[in-house]
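S.K.: Dumping the structure here so I can ask a few things about it.
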Amino acid sequence: MSIGAAPAHAQGRLKVVASFSILGDFVSNVGGDRVEVTTLVGPDGDVHVYTPTPADARKIADARLLVVNGLGLEGWLPRLLQAAGGKAAIVTATAGIAPLKAGSDADPHAWQSVANAEKYVANIRDALVAADPADADVFRQNAHSYLARLEALDAEVRQAVGRIPPSRRKVISTHDAFGYFAARYGIEFIAPIGVSTEAEPSARDIAKIIGQIKEEHIPAVFLERIGDPRLMRRISEETGARVGGTLYSDSLTDEKGDAPTYIDMVRHNIRTLTSALANPR
């Protein structure tokens with residue numbers, strides 16, 4: 001590449017900050033070795049209750065691009081942007097996605113539909129191209145390859161759900177993070193906690209769900225990696241619904257975990273669901 005014809009920043013990698021781990025993975029897949037990705041809420045972190053640090057403000061101040069989810073997920077972001085005072089371009093990865101409603105609020109967990117994840121990736125691709133036109137062809141090619149993998153993943157999930165008897169496509173999960181998955185793939189998720197892990201379920205909420213499990217013969221409850229497992233274990237004990245395993249909702253794991261990438265996360269979740277639901281025990 002001719003350095004003289006390229007923007008000054010092309011001499012080094014494009015500095016991109018992603019608000020949480022799933023977005024960081026998308027950026028890494030599209031940007032490849034042309035970007036330097038920093039994630040504010042890292043593996044196993046809870047983006048709902050995150051408290052930014054002064055170091056986060058410095059990261060944003062130094063970045064050329066900031067990738068956020070939007071839809072109210074990063075409630076702490078406006079204060080952080082004010083503290084950072086940087087000039088990073090901001091891309092909202094959910095742009096163009098019609099949000100589901102959770103009460104009066106938008107459900108921010110749009111990545112749980114792989115079809116939506118493809119829109120995230122397209123938005124990130126376009127933002128990287130705009131920030132670094134010299135590497136546009138690389139970003140477009142990386143995105144093309146990754147989008148093909150996501151398209152295959154979407155078909156894989158649909159096929160797996162097809163093996164679950166329709167009467168068993170109901171589960172209980174810790175908080176309401178799987179609405180987009182449910183809408184896309186036809187599994188009903190019921191959660192005692194709302195879309196944010198900050199919420200606390202009332203005794204009435206829990207009693208209602210226990211009654212629903214018994215009445216509808218819901219076969220399994222699922223823990224979440226970032227949630228408190230005690231509530232789900234209590235519901236399991238009181239209803240006889242088995243604990244079907246752990247699902248990943250708002251965060252990836254580190255490299256040693258079950259879900260170090262978005263594709264790994266979706267595959268882990270669908271394996272866990274089908275294992276618990278496909279065959280009555």
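Labels for the structure tokens follow display order: chains A, B, ..., residues from 1 in each chain, ligands from 1.
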Among the residues of range 30-253 of chain A, find those DSSP assigns to strand (DSSP E or B) from the backbone and print them as an MDAnalysis selection string.

M.R.: chainID A and resid 35:41 65:68 89:92 101:102 105:106 170:173 175 188:190 193 220:224 242:247

S.K.: Using only C-alpha atoms, what table do you get, as a Markdown table, when you list each residue of range 54-119 of chain A with an atom no more than 12 Å from range 38-41 of chain A, its nearest pair of atoms, and their distance in Å rounded to one decimal, rows by chain then rising number?

M.R.:
```
| residue | atom | partner | partner_atom | distance |
| --- | --- | --- | --- | --- |
| A:Pro54 | CA | A:Leu40 | CA | 11.3 |
| A:Ala55 | CA | A:Leu40 | CA | 9.4 |
| A:Asp56 | CA | A:Leu40 | CA | 6.5 |
| A:Ala57 | CA | A:Leu40 | CA | 9.7 |
| A:Arg58 | CA | A:Leu40 | CA | 11.1 |
| A:Lys59 | CA | A:Thr38 | CA | 7.7 |
| A:Ile60 | CA | A:Thr38 | CA | 9.2 |
| A:Asp62 | CA | A:Thr38 | CA | 10.7 |
| A:Ala63 | CA | A:Thr38 | CA | 9.1 |
| A:Arg64 | CA | A:Thr38 | CA | 11.5 |
| A:Leu65 | CA | A:Thr38 | CA | 10.5 |
| A:Leu66 | CA | A:Thr38 | CA | 9.5 |
| A:Val67 | CA | A:Thr39 | CA | 9.5 |
| A:Val68 | CA | A:Leu40 | CA | 10.3 |
| A:Leu73 | CA | A:Val41 | CA | 12.0 |
| A:Glu74 | CA | A:Val41 | CA | 10.2 |
| A:Trp76 | CA | A:Leu40 | CA | 11.6 |
| A:Leu77 | CA | A:Leu40 | CA | 10.7 |
| A:Leu80 | CA | A:Leu40 | CA | 11.0 |
```

S.K.: Please report, as a count of residues only, each residue of range 58-245 of chain A to which DSSP assigns helix (DSSP H, G or I) when run on this structure's backbone.

M.R.: 98

S.K.: Considering only C-alpha atoms, can you say which of A:Gly12, A:Pro260, A:Pro52, A:Gly162 comes closest to Arg79 in chain A?

M.R.: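 Counting only C-alpha atoms, the residue closest to Arg79 in chain A is A:Pro52.
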
S.K.: Skipping near chain neighbours, those fewer than 3 positions away, what residues fall within 12 Å of Asp44 in chain A using only C-alpha atoms, listed as a list in words?

M.R.: Phe20, Ser21, Ile22, Thr39, Leu40, Val41, Val47, Tyr50, Glu224, Arg225, Ile226, Gly227, Tyr248, Ser249, Asp250, Ser251, Leu252, Thr253, Asp254, Glu255, Lys256, Gly257, Asp258, Ala259 and Pro260 of chain A

S.K.: Tell me which protein, DNA and RNA residues are within 9 Å of range 89-99 of chain A, counting only C-alpha atoms, leaving out same-chain ones fewer than 5 positions away, and put them as a list of chain:residue names.

M.R.: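 The neighbour list is A:Leu23, A:Ala63, A:Arg64, A:Leu65, A:Leu66, A:Val67, A:Val68, A:Asn69, A:Gly70, A:Leu71, A:Ala106, A:Asp107, A:Pro108, A:Ala110, A:Trp111, A:Asn116, A:Ala117, A:Lys119, A:Tyr120, A:Val121, A:Ala122, A:Asn123, A:Ile124, A:Ala127, A:Ala131, A:Tyr180.
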
S.K.: With N, CA, C and O atoms retained, could you export that selection as a JSON list (two decimals), in the first residue's frame?

M.R.:
```json
[["chain", "number", "residue", "atom", "x", "y", "z"],
["A", 23, "LEU", "N", -20.01, -7.13, 20.33],
["A", 23, "LEU", "CA", -19.67, -6.15, 19.30],
["A", 23, "LEU", "C", -18.17, -6.20, 18.97],
["A", 23, "LEU", "O", -17.79, -6.05, 17.81],
["A", 63, "ALA", "N", -9.75, 6.83, 20.25],
["A", 63, "ALA", "CA", -10.27, 5.99, 19.17],
["A", 63, "ALA", "C", -10.73, 6.83, 17.98],
["A", 63, "ALA", "O", -11.11, 8.00, 18.11],
["A", 64, "ARG", "N", -10.74, 6.20, 16.81],
["A", 64, "ARG", "CA", -11.31, 6.81, 15.63],
["A", 64, "ARG", "C", -12.79, 6.43, 15.47],
["A", 64, "ARG", "O", -13.56, 7.14, 14.84],
["A", 65, "LEU", "N", -13.17, 5.29, 16.05],
["A", 65, "LEU", "CA", -14.53, 4.79, 15.87],
["A", 65, "LEU", "C", -15.00, 4.13, 17.16],
["A", 65, "LEU", "O", -14.26, 3.37, 17.78],
["A", 66, "LEU", "N", -16.23, 4.42, 17.54],
["A", 66, "LEU", "CA", -16.86, 3.79, 18.70],
["A", 66, "LEU", "C", -18.10, 3.04, 18.22],
["A", 66, "LEU", "O", -18.98, 3.63, 17.58],
["A", 67, "VAL", "N", -18.16, 1.74, 18.50],
["A", 67, "VAL", "CA", -19.28, 0.91, 18.08],
["A", 67, "VAL", "C", -20.14, 0.59, 19.30],
["A", 67, "VAL", "O", -19.65, 0.01, 20.28],
["A", 68, "VAL", "N", -21.42, 0.96, 19.23],
["A", 68, "VAL", "CA", -22.34, 0.73, 20.34],
["A", 68, "VAL", "C", -23.56, -0.04, 19.84],
["A", 68, "VAL", "O", -23.86, -0.06, 18.64],
["A", 69, "ASN", "N", -24.27, -0.65, 20.77],
["A", 69, "ASN", "CA", -25.47, -1.41, 20.42],
["A", 69, "ASN", "C", -26.65, -0.48, 20.21],
["A", 69, "ASN", "O", -27.40, -0.61, 19.25],
["A", 70, "GLY", "N", -26.85, 0.44, 21.14],
["A", 70, "GLY", "CA", -28.04, 1.28, 21.11],
["A", 70, "GLY", "C", -29.23, 0.56, 21.71],
["A", 70, "GLY", "O", -29.09, -0.44, 22.43],
["A", 71, "LEU", "N", -30.42, 1.07, 21.45],
["A", 71, "LEU", "CA", -31.69, 0.54, 21.99],
["A", 71, "LEU", "C", -31.69, 0.54, 23.52],
["A", 71, "LEU", "O", -32.33, -0.30, 24.15],
["A", 106, "ALA", "N", -37.62, -0.49, 24.47],
["A", 106, "ALA", "CA", -37.11, -1.36, 23.41],
["A", 106, "ALA", "C", -36.28, -2.47, 24.03],
["A", 106, "ALA", "O", -35.56, -2.26, 25.01],
["A", 107, "ASP", "N", -36.40, -3.67, 23.48],
["A", 107, "ASP", "CA", -35.55, -4.78, 23.90],
["A", 107, "ASP", "C", -34.22, -4.62, 23.17],
["A", 107, "ASP", "O", -34.17, -4.66, 21.94],
["A", 108, "PRO", "N", -33.11, -4.46, 23.90],
["A", 108, "PRO", "CA", -31.84, -4.19, 23.23],
["A", 108, "PRO", "C", -31.10, -5.41, 22.70],
["A", 108, "PRO", "O", -30.10, -5.27, 22.00],
["A", 110, "ALA", "N", -30.87, -7.44, 20.34],
["A", 110, "ALA", "CA", -31.20, -7.78, 18.95],
["A", 110, "ALA", "C", -30.25, -8.81, 18.35],
["A", 110, "ALA", "O", -30.61, -9.52, 17.41],
["A", 111, "TRP", "N", -29.03, -8.92, 18.88],
["A", 111, "TRP", "CA", -28.04, -9.86, 18.34],
["A", 111, "TRP", "C", -28.46, -11.32, 18.51],
["A", 111, "TRP", "O", -27.88, -12.21, 17.90],
["A", 116, "ASN", "N", -30.39, -10.64, 12.54],
["A", 116, "ASN", "CA", -30.05, -9.29, 13.00],
["A", 116, "ASN", "C", -28.54, -9.11, 13.11],
["A", 116, "ASN", "O", -28.02, -8.03, 12.81],
["A", 117, "ALA", "N", -27.85, -10.15, 13.55],
["A", 117, "ALA", "CA", -26.39, -10.05, 13.64],
["A", 117, "ALA", "C", -25.79, -9.71, 12.28],
["A", 117, "ALA", "O", -24.79, -8.99, 12.19],
["A", 119, "LYS", "N", -27.11, -7.76, 10.14],
["A", 119, "LYS", "CA", -27.28, -6.30, 9.99],
["A", 119, "LYS", "C", -26.25, -5.54, 10.83],
["A", 119, "LYS", "O", -25.73, -4.51, 10.40],
["A", 120, "TYR", "N", -25.97, -6.05, 12.01],
["A", 120, "TYR", "CA", -24.90, -5.47, 12.82],
["A", 120, "TYR", "C", -23.60, -5.43, 12.01],
["A", 120, "TYR", "O", -22.90, -4.41, 11.97],
["A", 121, "VAL", "N", -23.28, -6.56, 11.41],
["A", 121, "VAL", "CA", -22.00, -6.68, 10.69],
["A", 121, "VAL", "C", -21.97, -5.74, 9.49],
["A", 121, "VAL", "O", -20.95, -5.10, 9.22],
["A", 122, "ALA", "N", -23.09, -5.63, 8.77],
["A", 122, "ALA", "CA", -23.14, -4.71, 7.63],
["A", 122, "ALA", "C", -22.94, -3.26, 8.08],
["A", 122, "ALA", "O", -22.22, -2.48, 7.43],
["A", 123, "ASN", "N", -23.55, -2.88, 9.21],
["A", 123, "ASN", "CA", -23.37, -1.53, 9.73],
["A", 123, "ASN", "C", -21.93, -1.28, 10.15],
["A", 123, "ASN", "O", -21.37, -0.19, 9.91],
["A", 124, "ILE", "N", -21.32, -2.28, 10.78],
["A", 124, "ILE", "CA", -19.92, -2.13, 11.20],
["A", 124, "ILE", "C", -19.00, -2.04, 9.97],
["A", 124, "ILE", "O", -18.08, -1.23, 9.93],
["A", 127, "ALA", "N", -19.21, 1.40, 8.55],
["A", 127, "ALA", "CA", -18.53, 2.38, 9.41],
["A", 127, "ALA", "C", -17.02, 2.28, 9.29],
["A", 127, "ALA", "O", -16.32, 3.31, 9.26],
["A", 131, "ALA", "N", -14.46, 5.16, 7.95],
["A", 131, "ALA", "CA", -13.36, 5.63, 8.80],
["A", 131, "ALA", "C", -12.00, 5.43, 8.16],
["A", 131, "ALA", "O", -11.06, 6.19, 8.43],
["A", 180, "TYR", "N", -35.60, -11.81, 20.68],
["A", 180, "TYR", "CA", -35.32, -11.85, 19.24],
["A", 180, "TYR", "C", -35.06, -13.28, 18.77],
["A", 180, "TYR", "O", -35.43, -13.65, 17.66]]
```

S.K.: My list of candidates is A:Asp205, A:Glu118, A:Asp46, A:Glu188. Which is closest to Pro219 in chain A when distances are computed with only C-alpha atoms?

M.R.: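 Residue with the minimum atom-to-atom distance to Pro219 in chain A: A:Glu188.
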
S.K.: So the first atom is CA of Asp25 in chain A and the second is CA of Val171 in chain A; what is the distance between them in Å, to one decimal place?

M.R.: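 These atoms are spaced 27.6 Å apart.
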
S.K.: Check the smallest atom-to-atom distance from each of A:Glu156, A:Asp176, A:Glu237, A:Asp126 to Arg267 in chain A using only C-alpha atoms, then report the winner.

M.R.: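 The shortest atom-to-atom distance to Arg267 in chain A comes from A:Glu156.
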
S.K.: Which one is closest to Pro166 in chain A: A:Gly211, A:Gly179, A:Gly75, A:Gly186? Count only C-alpha atoms.

M.R.: A:Gly186

S.K.: Just checking: using only C-alpha atoms, which residue out of A:Phe178, A:Asp132, A:Leu81, A:Phe139 ends up closest to Asp33 in chain A?

M.R.: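 Nearest candidate to Asp33 in chain A out of A:Phe178, A:Asp132, A:Leu81, A:Phe139: A:Phe139.
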
S.K.: Under the rule that only C-alpha atoms are counted, which of A:Ser202, A:Gln159, A:Ser145, A:Thr246 is the nearest residue to Asn29 in chain A?

M.R.: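 Closest to Asn29 in chain A of all the choices is A:Ser145.
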
S.K.: Skipping near chain neighbours, those fewer than 2 positions away, what residues fall within 8 Å of Tyr185 in chain A using only C-alpha atoms, listed as a list of chain:residue names?

M.R.: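 The filter keeps A:Val157, A:Arg158, A:Val161, A:Phe181, A:Ala182, A:Ala183, A:Ile187.
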
S.K.: Would you mind exporting the chosen residues as a short mmCIF file (atom, residue, chain, number, x, y, z; two decimals), in the first residue's frame, restricted to C-alpha atoms?

M.R.:
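Resulting contents of selection_13.cif:
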```cif
data_model
loop_
_atom_site.label_atom_id
_atom_site.label_comp_id
_atom_site.auth_asym_id
_atom_site.auth_seq_id
_atom_site.Cartn_x
_atom_site.Cartn_y
_atom_site.Cartn_z
CA VAL A 157 -30.25 -22.92 14.26
CA ARG A 158 -33.49 -23.27 12.30
CA VAL A 161 -35.12 -26.04 16.45
CA PHE A 181 -34.23 -15.49 19.31
CA ALA A 182 -37.80 -16.47 20.15
CA ALA A 183 -39.26 -14.34 17.36
CA ILE A 187 -38.95 -21.03 21.02
#
```

S.K.: Hey, what's within 8 Å of Gly31 in chain A if we count only C-alpha atoms and toss same-chain stuff fewer than 3 positions away? As a list in words, please?

M.R.: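 Those residues are Val27, Ser28, Arg34, Val35, Arg125, Leu128, Val138, Phe139 and Asn142 of chain A.
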